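Data first, discussion second: the structure below is written as structure tokens.
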Amino acid sequence: MNPLPPSPVLPPLCRRLGIRHPVFGFSHSADVCVEIARAGGFPVMGLSREMPEEIPGILRDLDARMNGLPYGVDLMLPPNVPEDARLETLRTELPAAHTAFVDRLREEFAIEPPARPSFFTSHVRSRKLFDEQIEQVLASGALGVATAIGLREDFIHRAKAAGKVTFSLVGSTRHARKALEMGVDVLVAQGYDAGGHTGPVGTMSLVPQILEVAGGTPVLAAGGIATGAQVLGAVSMGAHGAWLGTLWMAAAESHTPPALLKRLADSRSEDTVITRAHSGKPCRVVRSEWISAWERAGSPAPLGMPLQQVLTGDIFAAVHEQDRPDLIYEAAGQSVFAIRGETTVREQMETLVTELRLAWDRMTSMAQRPTDISTDR
Ligand SMILES: Cc1cc2nc3c(=O)[nH]c(=O)nc-3n(C[C@H](O)[C@H](O)[C@H](O)COP(=O)(O)O)c2cc1C
């Protein structure tokens with residue numbers, strides 16, 4: 001498939017990475033990533049939910065399917081996780097009140113256990129797991145490596161030495177300074193509007209602050225962005241592009257469970273909420289009855305990361321596997337407003353680029369020339 005005609009604006013980072021549009025797409029689906037790359041954007045595949053033993057095969061396949069097109073991969077590296085941990089052991093250490101609460105919800109909502117093993121039913125985030133993921137990513141053909149929720153200086157240095165471009169998702173100037181000190185190549189300013197783990201500052205206010213501390217380091221804008229006019233808006237603020245996550249869940253290539261796609265299409269920005277009930281850290285998700293149950297009077301406060309997922313990971317897996325219309329939820333940003341129903345990545349990229357071009361034409365047609373300004377009055 002041919003790439004789309006190039007965008008009218010292409011900031012230096014895009015040229016350096018060899019892409020045709022200032023669109024960076026985060027997805028957990030390899031099929032989405034391949035299509036973003038083919039259309040001329042920069043895809044970043046999330047690996048944090050993959051079974052560790054499957055990651056080498058996933059990366060080999062991805063590399064082959066990309067056929068030389070540039071792409072990145074992403075890891076979540078939160079600090080303060082156990083050195084090494086087994087799910088079964090941690091399960092026995094969960095507070096009894098939390099286990100009883102979740103058991104009551106299991107019964108109330110008649111949730112059957114998931115049939116298939118997944119990351120959420122068989123793994124715990126630990127330092128040992130991250131070490132393994134880092135080795136796998138360093139050995140891959142990915143041009144970009146992104147990290148979220150935490151930073152590992154050894155990883156940044158080794159990735160750079162291997163010729164990779166390093167990206168760090170940051171939600172505050174404090175995070176940005178830390179990433180710059182470690183030598184990160186690209187800061188992704190991810191605002192409160194974003195799907196997934198997020199801080200308290202909205203994208204529109206965060207981007208200028210990150211640009212100020214970034215100096216010459218390129219910045220991307222993330223969170224709440226789902227139209228080409230917004231992408232141009234980010235570039236006009238000084239960002240080198242926009243990083244989108246939620247939007248791709250509407251693409252057939254995302255393989256989003258039908259009940260979740262319906263929920264996303266029916267939701268407006270205000271139907272997304274920040275909760276600790278998913279992972280233990282503040283995370284913007286689209287609301288479902290499962291999320292609301294944690295907000296009822298008398299519900300316990302969620303546990304921290306990684307214990308909250310030890311407690312509830314099987315339920316997240318079950319409601320996805322069983323496509324439960326009442327309970328299914330997922331990380332989703334205020335950008336959910338742009339999801340109207342199922343589409344394809346190609347159509348999404350065409351729409352983004354067309355909207356960007358229209359916004360560019362609108363802006364340039366408004367440019368004032370000295371002769372336009374009447375001095376008579
Ligand atoms: C379903 C989903 C899962 C996500 N998982 C991760 C992740 O594993 N690692 C990461 O760096 N960001 C993750 N994010 C955040 C995205 O990288 C991105 O910053 C965010 O989606 C941007 O905001 P938007 O959703 O409004 O487009 C996730 C986002 C979504 C919607």
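Chain labels A, B, ... are given in the sequence in which chains occur in the structure tokens; within each chain residues are numbered consecutively from 1, and ligands are likewise numbered from 1 in the order shown.
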
Problem - Polymer residues at most 7 Å from segment 143-156 of chain A, only C-alpha atoms, same-chain spacing of 2 or more positions, as number ranges by chain - result: A: 70-79, 134, 141, 158-160, 164-169, 182, 184

Hey, can you spit out that residue selection with N, CA, C and O atoms as a PDB file, in the first residue's frame?
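And here is the file that came out, again09.pdb:
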```pdb
ATOM      1  N   PRO A  70      10.490   2.708   9.695  1.00  0.00           N
ATOM      2  CA  PRO A  70      10.882   2.998  11.086  1.00  0.00           C
ATOM      3  C   PRO A  70       9.729   2.781  12.069  1.00  0.00           C
ATOM      4  O   PRO A  70       8.580   3.090  11.770  1.00  0.00           O
ATOM      5  N   TYR A  71      10.065   2.248  13.248  1.00  0.00           N
ATOM      6  CA  TYR A  71       9.057   2.047  14.295  1.00  0.00           C
ATOM      7  C   TYR A  71       9.739   2.010  15.650  1.00  0.00           C
ATOM      8  O   TYR A  71      10.967   1.886  15.747  1.00  0.00           O
ATOM      9  N   GLY A  72       8.915   2.107  16.691  1.00  0.00           N
ATOM     10  CA  GLY A  72       9.445   2.049  18.050  1.00  0.00           C
ATOM     11  C   GLY A  72       8.711   1.006  18.883  1.00  0.00           C
ATOM     12  O   GLY A  72       7.678   0.473  18.473  1.00  0.00           O
ATOM     13  N   VAL A  73       9.275   0.716  20.063  1.00  0.00           N
ATOM     14  CA  VAL A  73       8.612  -0.165  21.018  1.00  0.00           C
ATOM     15  C   VAL A  73       8.629   0.525  22.383  1.00  0.00           C
ATOM     16  O   VAL A  73       9.460   1.405  22.624  1.00  0.00           O
ATOM     17  N   ASP A  74       7.705   0.133  23.235  1.00  0.00           N
ATOM     18  CA  ASP A  74       7.519   0.848  24.506  1.00  0.00           C
ATOM     19  C   ASP A  74       7.458  -0.130  25.676  1.00  0.00           C
ATOM     20  O   ASP A  74       6.834  -1.189  25.586  1.00  0.00           O
ATOM     21  N   LEU A  75       8.118   0.263  26.770  1.00  0.00           N
ATOM     22  CA  LEU A  75       8.060  -0.510  28.013  1.00  0.00           C
ATOM     23  C   LEU A  75       7.601   0.405  29.145  1.00  0.00           C
ATOM     24  O   LEU A  75       7.952   1.586  29.163  1.00  0.00           O
ATOM     25  N   MET A  76       6.853  -0.143  30.063  1.00  0.00           N
ATOM     26  CA  MET A  76       6.545   0.583  31.300  1.00  0.00           C
ATOM     27  C   MET A  76       7.540   0.122  32.349  1.00  0.00           C
ATOM     28  O   MET A  76       7.662  -1.078  32.580  1.00  0.00           O
ATOM     29  N   LEU A  77       8.260   1.064  32.965  1.00  0.00           N
ATOM     30  CA  LEU A  77       9.287   0.672  33.937  1.00  0.00           C
ATOM     31  C   LEU A  77       9.072   1.385  35.275  1.00  0.00           C
ATOM     32  O   LEU A  77       9.927   2.174  35.712  1.00  0.00           O
ATOM     33  N   PRO A  78       7.945   1.145  35.944  1.00  0.00           N
ATOM     34  CA  PRO A  78       7.722   1.839  37.218  1.00  0.00           C
ATOM     35  C   PRO A  78       8.755   1.450  38.266  1.00  0.00           C
ATOM     36  O   PRO A  78       9.155   0.279  38.323  1.00  0.00           O
ATOM     37  N   PRO A  79       9.215   2.431  39.073  1.00  0.00           N
ATOM     38  CA  PRO A  79      10.120   2.076  40.174  1.00  0.00           C
ATOM     39  C   PRO A  79       9.293   1.427  41.302  1.00  0.00           C
ATOM     40  O   PRO A  79       8.080   1.272  41.170  1.00  0.00           O
ATOM     41  N   ILE A 134      14.030  -5.510  28.780  1.00  0.00           N
ATOM     42  CA  ILE A 134      15.038  -4.578  28.256  1.00  0.00           C
ATOM     43  C   ILE A 134      15.986  -5.305  27.304  1.00  0.00           C
ATOM     44  O   ILE A 134      16.297  -4.809  26.213  1.00  0.00           O
ATOM     45  N   GLY A 141      15.050  -4.875  16.189  1.00  0.00           N
ATOM     46  CA  GLY A 141      15.370  -3.932  15.107  1.00  0.00           C
ATOM     47  C   GLY A 141      14.646  -2.607  15.258  1.00  0.00           C
ATOM     48  O   GLY A 141      14.695  -1.780  14.340  1.00  0.00           O
ATOM     49  N   ARG A 158      22.335   2.316  27.046  1.00  0.00           N
ATOM     50  CA  ARG A 158      22.579   1.166  26.157  1.00  0.00           C
ATOM     51  C   ARG A 158      21.790   1.309  24.859  1.00  0.00           C
ATOM     52  O   ARG A 158      22.288   0.968  23.786  1.00  0.00           O
ATOM     53  N   ALA A 159      20.555   1.819  24.945  1.00  0.00           N
ATOM     54  CA  ALA A 159      19.741   1.980  23.736  1.00  0.00           C
ATOM     55  C   ALA A 159      20.400   2.992  22.806  1.00  0.00           C
ATOM     56  O   ALA A 159      20.508   2.773  21.591  1.00  0.00           O
ATOM     57  N   LYS A 160      20.884   4.092  23.384  1.00  0.00           N
ATOM     58  CA  LYS A 160      21.535   5.119  22.556  1.00  0.00           C
ATOM     59  C   LYS A 160      22.805   4.561  21.922  1.00  0.00           C
ATOM     60  O   LYS A 160      23.083   4.800  20.743  1.00  0.00           O
ATOM     61  N   LYS A 164      19.701   3.559  18.895  1.00  0.00           N
ATOM     62  CA  LYS A 164      18.246   3.744  18.970  1.00  0.00           C
ATOM     63  C   LYS A 164      17.924   5.163  19.455  1.00  0.00           C
ATOM     64  O   LYS A 164      18.726   5.790  20.150  1.00  0.00           O
ATOM     65  N   VAL A 165      16.748   5.640  19.057  1.00  0.00           N
ATOM     66  CA  VAL A 165      16.279   6.952  19.503  1.00  0.00           C
ATOM     67  C   VAL A 165      15.404   6.706  20.733  1.00  0.00           C
ATOM     68  O   VAL A 165      14.473   5.905  20.692  1.00  0.00           O
ATOM     69  N   THR A 166      15.733   7.398  21.833  1.00  0.00           N
ATOM     70  CA  THR A 166      15.026   7.124  23.091  1.00  0.00           C
ATOM     71  C   THR A 166      13.940   8.182  23.340  1.00  0.00           C
ATOM     72  O   THR A 166      14.171   9.375  23.175  1.00  0.00           O
ATOM     73  N   PHE A 167      12.764   7.703  23.718  1.00  0.00           N
ATOM     74  CA  PHE A 167      11.609   8.556  24.007  1.00  0.00           C
ATOM     75  C   PHE A 167      11.221   8.331  25.475  1.00  0.00           C
ATOM     76  O   PHE A 167      11.263   7.199  25.949  1.00  0.00           O
ATOM     77  N   SER A 168      10.811   9.397  26.139  1.00  0.00           N
ATOM     78  CA  SER A 168      10.316   9.210  27.505  1.00  0.00           C
ATOM     79  C   SER A 168       9.003   9.960  27.669  1.00  0.00           C
ATOM     80  O   SER A 168       8.906  11.142  27.333  1.00  0.00           O
ATOM     81  N   LEU A 169       7.981   9.273  28.178  1.00  0.00           N
ATOM     82  CA  LEU A 169       6.703   9.934  28.445  1.00  0.00           C
ATOM     83  C   LEU A 169       6.816  10.670  29.768  1.00  0.00           C
ATOM     84  O   LEU A 169       7.184  10.059  30.789  1.00  0.00           O
ATOM     85  N   MET A 182      19.271  12.138  32.013  1.00  0.00           N
ATOM     86  CA  MET A 182      19.683  10.785  31.597  1.00  0.00           C
ATOM     87  C   MET A 182      20.010  10.735  30.105  1.00  0.00           C
ATOM     88  O   MET A 182      20.398   9.685  29.603  1.00  0.00           O
ATOM     89  N   VAL A 184      17.807  11.405  27.469  1.00  0.00           N
ATOM     90  CA  VAL A 184      16.712  10.984  26.572  1.00  0.00           C
ATOM     91  C   VAL A 184      16.657  11.903  25.341  1.00  0.00           C
ATOM     92  O   VAL A 184      16.860  13.104  25.440  1.00  0.00           O
TER      93      VAL A 184
END
```

Practice task
Return as a PyMOL selection string every polymer residue, whether protein, DNA or RNA, with at least one atom no more than 8 Å from an atom of ligand 1; count only C-alpha atoms and all ligand atoms.
Solution key: chain A and resi 25-28+46-49+74-76+146-149+169+188+190-191+193-197+222-226+243-247+249+285+330-336

Practice task
Apply DSSP to the backbone of this structure and, from segment 126-265 of chain A, keep only the residues in helix (DSSP H, G or I); write these as a PyMOL selection string.
Solution key: chain A and resi 127-138+153-161+173-181+203-214+228-237+246-250+252-254+258-265

Store the residues of this selection in a file with C-alpha atoms, as a PDB file, in the first residue's frame.
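Below is the file that was written, result28.pdb:
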```pdb
ATOM      1  CA  ARG A 127      12.677  -5.625  38.371  1.00  0.00           C
ATOM      2  CA  LYS A 128      13.615  -9.079  37.025  1.00  0.00           C
ATOM      3  CA  LEU A 129      10.809  -8.924  34.436  1.00  0.00           C
ATOM      4  CA  PHE A 130      11.917  -5.448  33.333  1.00  0.00           C
ATOM      5  CA  ASP A 131      15.550  -6.638  32.966  1.00  0.00           C
ATOM      6  CA  GLU A 132      14.338  -9.411  30.684  1.00  0.00           C
ATOM      7  CA  GLN A 133      12.149  -7.040  28.614  1.00  0.00           C
ATOM      8  CA  ILE A 134      15.038  -4.578  28.256  1.00  0.00           C
ATOM      9  CA  GLU A 135      17.365  -7.244  26.824  1.00  0.00           C
ATOM     10  CA  GLN A 136      14.682  -8.311  24.345  1.00  0.00           C
ATOM     11  CA  VAL A 137      14.040  -4.741  23.201  1.00  0.00           C
ATOM     12  CA  LEU A 138      17.747  -3.934  22.849  1.00  0.00           C
ATOM     13  CA  GLU A 153      19.463   5.213  33.036  1.00  0.00           C
ATOM     14  CA  ASP A 154      21.283   1.987  32.078  1.00  0.00           C
ATOM     15  CA  PHE A 155      18.568   1.273  29.473  1.00  0.00           C
ATOM     16  CA  ILE A 156      18.731   4.804  28.000  1.00  0.00           C
ATOM     17  CA  HIS A 157      22.523   4.639  27.678  1.00  0.00           C
ATOM     18  CA  ARG A 158      22.579   1.166  26.157  1.00  0.00           C
ATOM     19  CA  ALA A 159      19.741   1.980  23.736  1.00  0.00           C
ATOM     20  CA  LYS A 160      21.535   5.119  22.556  1.00  0.00           C
ATOM     21  CA  ALA A 161      24.818   3.211  22.193  1.00  0.00           C
ATOM     22  CA  THR A 173       8.680  19.416  34.328  1.00  0.00           C
ATOM     23  CA  ARG A 174      10.252  17.353  37.139  1.00  0.00           C
ATOM     24  CA  HIS A 175       9.953  14.167  35.062  1.00  0.00           C
ATOM     25  CA  ALA A 176      11.231  16.046  32.017  1.00  0.00           C
ATOM     26  CA  ARG A 177      14.358  17.292  33.842  1.00  0.00           C
ATOM     27  CA  LYS A 178      15.115  13.775  35.044  1.00  0.00           C
ATOM     28  CA  ALA A 179      14.766  12.383  31.523  1.00  0.00           C
ATOM     29  CA  LEU A 180      16.997  15.127  30.112  1.00  0.00           C
ATOM     30  CA  GLU A 181      19.657  14.410  32.739  1.00  0.00           C
ATOM     31  CA  THR A 203      -1.854  18.688  27.542  1.00  0.00           C
ATOM     32  CA  MET A 204      -2.439  22.295  26.445  1.00  0.00           C
ATOM     33  CA  SER A 205      -0.726  23.617  29.593  1.00  0.00           C
ATOM     34  CA  LEU A 206       1.906  20.882  29.846  1.00  0.00           C
ATOM     35  CA  VAL A 207       3.401  21.169  26.347  1.00  0.00           C
ATOM     36  CA  PRO A 208       4.686  24.780  26.674  1.00  0.00           C
ATOM     37  CA  GLN A 209       6.192  23.992  30.083  1.00  0.00           C
ATOM     38  CA  ILE A 210       7.998  20.909  28.785  1.00  0.00           C
ATOM     39  CA  LEU A 211       9.178  22.857  25.731  1.00  0.00           C
ATOM     40  CA  GLU A 212      10.661  25.462  28.051  1.00  0.00           C
ATOM     41  CA  VAL A 213      12.769  22.954  29.996  1.00  0.00           C
ATOM     42  CA  ALA A 214      13.574  20.833  26.910  1.00  0.00           C
ATOM     43  CA  GLY A 228      -5.478  16.612  12.327  1.00  0.00           C
ATOM     44  CA  ALA A 229      -6.225  20.184  13.446  1.00  0.00           C
ATOM     45  CA  GLN A 230      -5.069  19.233  16.956  1.00  0.00           C
ATOM     46  CA  VAL A 231      -1.891  17.699  15.487  1.00  0.00           C
ATOM     47  CA  LEU A 232      -1.201  20.994  13.702  1.00  0.00           C
ATOM     48  CA  GLY A 233      -2.020  22.829  16.935  1.00  0.00           C
ATOM     49  CA  ALA A 234       0.639  20.774  18.732  1.00  0.00           C
ATOM     50  CA  VAL A 235       3.180  21.543  16.011  1.00  0.00           C
ATOM     51  CA  SER A 236       2.290  25.232  16.116  1.00  0.00           C
ATOM     52  CA  MET A 237       3.048  25.216  19.864  1.00  0.00           C
ATOM     53  CA  THR A 246      -6.949   5.970  22.208  1.00  0.00           C
ATOM     54  CA  LEU A 247      -7.971   6.664  18.611  1.00  0.00           C
ATOM     55  CA  TRP A 248      -6.462   3.449  17.199  1.00  0.00           C
ATOM     56  CA  MET A 249      -8.724   1.281  19.351  1.00  0.00           C
ATOM     57  CA  ALA A 250     -11.487   2.052  16.807  1.00  0.00           C
ATOM     58  CA  ALA A 252     -10.305  -3.101  12.959  1.00  0.00           C
ATOM     59  CA  GLU A 253      -6.551  -3.825  13.227  1.00  0.00           C
ATOM     60  CA  SER A 254      -6.798  -3.232  16.999  1.00  0.00           C
ATOM     61  CA  PRO A 258     -17.009  -5.575  20.239  1.00  0.00           C
ATOM     62  CA  ALA A 259     -18.532  -4.534  23.598  1.00  0.00           C
ATOM     63  CA  LEU A 260     -15.521  -2.323  24.317  1.00  0.00           C
ATOM     64  CA  LEU A 261     -15.667  -0.727  20.873  1.00  0.00           C
ATOM     65  CA  LYS A 262     -19.371   0.009  21.425  1.00  0.00           C
ATOM     66  CA  ARG A 263     -18.588   1.521  24.835  1.00  0.00           C
ATOM     67  CA  LEU A 264     -15.853   3.708  23.319  1.00  0.00           C
ATOM     68  CA  ALA A 265     -18.110   4.817  20.449  1.00  0.00           C
TER      69      ALA A 265
END
```

Exercise for the section: Identify which of the residues A:Arg324, A:Arg104, A:Arg20, A:Arg86 lies closest to Ser126 of chain A, counting only C-alpha atoms when measuring atom-to-atom distances. Expected result: A:Arg86

When you look at Val219 of chain A with a cut-off of 7 Å (counting only C-alpha atoms), what residues show up, excluding the ones that are within fewer than 3 positions of it in the same chain? I need them as a short mmCIF file (atom, residue, chain, number, x, y, z; two decimals) with N, CA and C atoms, in the first residue's frame.
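around31.cif was written with the following content:
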```
data_model
loop_
_atom_site.label_atom_id
_atom_site.label_comp_id
_atom_site.auth_asym_id
_atom_site.auth_seq_id
_atom_site.Cartn_x
_atom_site.Cartn_y
_atom_site.Cartn_z
N VAL A 186 13.97 12.28 23.05
CA VAL A 186 12.67 12.89 22.74
C VAL A 186 11.77 12.83 23.97
N LEU A 187 11.20 13.97 24.34
CA LEU A 187 10.25 14.00 25.46
C LEU A 187 8.83 13.94 24.92
N VAL A 188 8.03 13.05 25.46
CA VAL A 188 6.62 12.98 25.07
C VAL A 188 5.84 13.61 26.22
N ALA A 189 5.36 14.83 26.00
CA ALA A 189 4.63 15.55 27.05
C ALA A 189 3.21 15.02 27.07
N LEU A 211 8.34 22.23 26.77
CA LEU A 211 9.18 22.86 25.73
C LEU A 211 10.20 23.79 26.37
N ALA A 239 5.82 21.64 19.29
CA ALA A 239 6.08 20.20 19.35
C ALA A 239 6.47 19.70 17.96
N HIS A 240 7.18 18.58 17.93
CA HIS A 240 7.59 18.01 16.64
C HIS A 240 6.56 17.02 16.10
#
```

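You will find atom CA of Gly241 of chain A at 11.5 Å from atom CA of Leu356 of chain A.
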
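Take the candidates A:Cys14, A:Ala85, A:Ile111, A:Val345 and check each one against Asp323 of chain A using only C-alpha atoms; the shortest distance goes to A:Ile111.
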
Practice task
Write out as a list in words which residues come within 7 Å of Thr198 of chain A when counting only C-alpha atoms, dropping same-chain ones fewer than 6 positions away.
Solution key: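 My reading of the contact set: Gly171, Gly191, Tyr192, Pro282, Cys283 and Arg284 of chain A.
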
Selection above as a file: N, CA and C atoms, as a PDB file, in the first residue's frame:
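Below is the file that was written, part32.pdb:
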```
ATOM      1  N   GLY A 171       5.017  13.705  32.487  1.00  0.00           N
ATOM      2  CA  GLY A 171       3.771  14.398  32.829  1.00  0.00           C
ATOM      3  C   GLY A 171       4.010  15.665  33.615  1.00  0.00           C
ATOM      4  N   GLY A 191      -0.294  14.761  28.743  1.00  0.00           N
ATOM      5  CA  GLY A 191      -1.147  15.500  29.673  1.00  0.00           C
ATOM      6  C   GLY A 191      -2.239  14.654  30.303  1.00  0.00           C
ATOM      7  N   TYR A 192      -2.920  15.291  31.240  1.00  0.00           N
ATOM      8  CA  TYR A 192      -4.029  14.743  32.027  1.00  0.00           C
ATOM      9  C   TYR A 192      -5.144  14.162  31.150  1.00  0.00           C
ATOM     10  N   PRO A 282      -2.668   6.265  39.251  1.00  0.00           N
ATOM     11  CA  PRO A 282      -3.736   6.993  38.558  1.00  0.00           C
ATOM     12  C   PRO A 282      -3.688   6.730  37.046  1.00  0.00           C
ATOM     13  N   CYS A 283      -4.816   6.301  36.508  1.00  0.00           N
ATOM     14  CA  CYS A 283      -4.854   5.867  35.115  1.00  0.00           C
ATOM     15  C   CYS A 283      -6.208   6.284  34.542  1.00  0.00           C
ATOM     16  N   ARG A 284      -6.201   6.967  33.394  1.00  0.00           N
ATOM     17  CA  ARG A 284      -7.490   7.365  32.791  1.00  0.00           C
ATOM     18  C   ARG A 284      -8.046   6.209  31.979  1.00  0.00           C
TER      19      ARG A 284
END
```

Problem - Separation of atom CA of Leu311 of chain A from atom CA of Pro95 of chain A in Å - result: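 One can read the atom CA of Pro95 of chain A to atom CA of Leu311 of chain A distance as 9.6 Å.
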
Exercise for the section: Name the residues in contact with Asp63 of chain A at a cut-off of 10 Å, using only C-alpha atoms, excluding same-chain residues fewer than 4 positions from it; report them as a ChimeraX atom specification. Expected result: /A:34,57-59,67-71,140-142

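Minimum atom-to-atom distance to Gln308 of chain A, evaluated using only C-alpha atoms, belongs to A:Glu93 out of A:Glu350, A:Glu93, A:Glu355, A:Asp361.
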
Exercise for the section: Using only C-alpha atoms, pick whichever of A:Arg91, A:Arg116, A:Arg287, A:Arg268 has the shortest atom-to-atom distance to Glu321 of chain A. Expected result: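 Ranked by minimum distance to Glu321 of chain A, first place goes to A:Arg116.
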
Problem - Non-local contacts of Ala37 of chain A (9 Å; only C-alpha atoms; under 4 positions in same chain excluded) as a PyMOL selection string - result: chain A and resi 3+19+32-33+41-43+66+69-71

Practice task
Any chance you could list, as a ChimeraX atom specification, the residues in segment 150-266 of chain A that come up strand (DSSP E or B) when DSSP is run on the backbone?
Solution key: /A:165-170,186-190,196-197,219-222,242-244,251

Practice task
Please provide as a PyMOL selection string all residues within 9 Å of segment 101-103 of chain A, with the sequence filter that same-chain residues fewer than 3 positions apart are discarded (counting only C-alpha atoms).
Solution key: chain A and resi 96-98+106-108+299-300+311-312

Atoms kept (N, CA and C atoms) for selection, written as a compact mmCIF listing (two decimals), in the first residue's frame:
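And here is the file that came out, part21.txt:
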```txt
# COMPACT_ATOMS: atom_id res chain seq x y z
N ALA A 96 -6.73 -9.27 53.50
CA ALA A 96 -7.95 -10.10 53.48
C ALA A 96 -9.18 -9.28 53.09
N ALA A 97 -9.25 -8.02 53.55
CA ALA A 97 -10.44 -7.20 53.27
C ALA A 97 -10.56 -6.95 51.76
N HIS A 98 -9.42 -6.76 51.09
CA HIS A 98 -9.45 -6.52 49.64
C HIS A 98 -9.88 -7.78 48.89
N ARG A 106 -17.01 -10.38 42.34
CA ARG A 106 -17.01 -11.52 41.41
C ARG A 106 -18.37 -12.21 41.42
N GLU A 107 -18.90 -12.36 42.64
CA GLU A 107 -20.20 -13.03 42.80
C GLU A 107 -21.33 -12.13 42.29
N GLU A 108 -21.29 -10.85 42.72
CA GLU A 108 -22.35 -9.91 42.31
C GLU A 108 -22.47 -9.83 40.79
N SER A 299 -16.27 1.03 49.70
CA SER A 299 -15.29 0.24 48.93
C SER A 299 -13.89 0.58 49.43
N PRO A 300 -12.98 -0.40 49.45
CA PRO A 300 -11.63 -0.08 49.94
C PRO A 300 -10.86 0.74 48.90
N LEU A 311 -4.43 -8.46 42.50
CA LEU A 311 -5.79 -8.63 43.03
C LEU A 311 -6.84 -8.76 41.92
N THR A 312 -6.69 -7.97 40.86
CA THR A 312 -7.80 -7.85 39.89
C THR A 312 -7.43 -8.23 38.45
```

Practice task
Go through A:Gln322, A:Thr256, A:Ser365, A:Ser292 one by one, measure the shortest atom-to-atom distance of each to Gly341 of chain A using only C-alpha atoms, and give the residue with the smallest value.
Solution key: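 Of A:Gln322, A:Thr256, A:Ser365, A:Ser292, the one nearest Gly341 of chain A, counting only C-alpha atoms, is A:Thr256.
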
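You can rank A:Val273, A:Ala30, A:Thr99, A:Glu83 by their closest distance to Asp61 of chain A using only C-alpha atoms, and at the top of that list sits A:Ala30.
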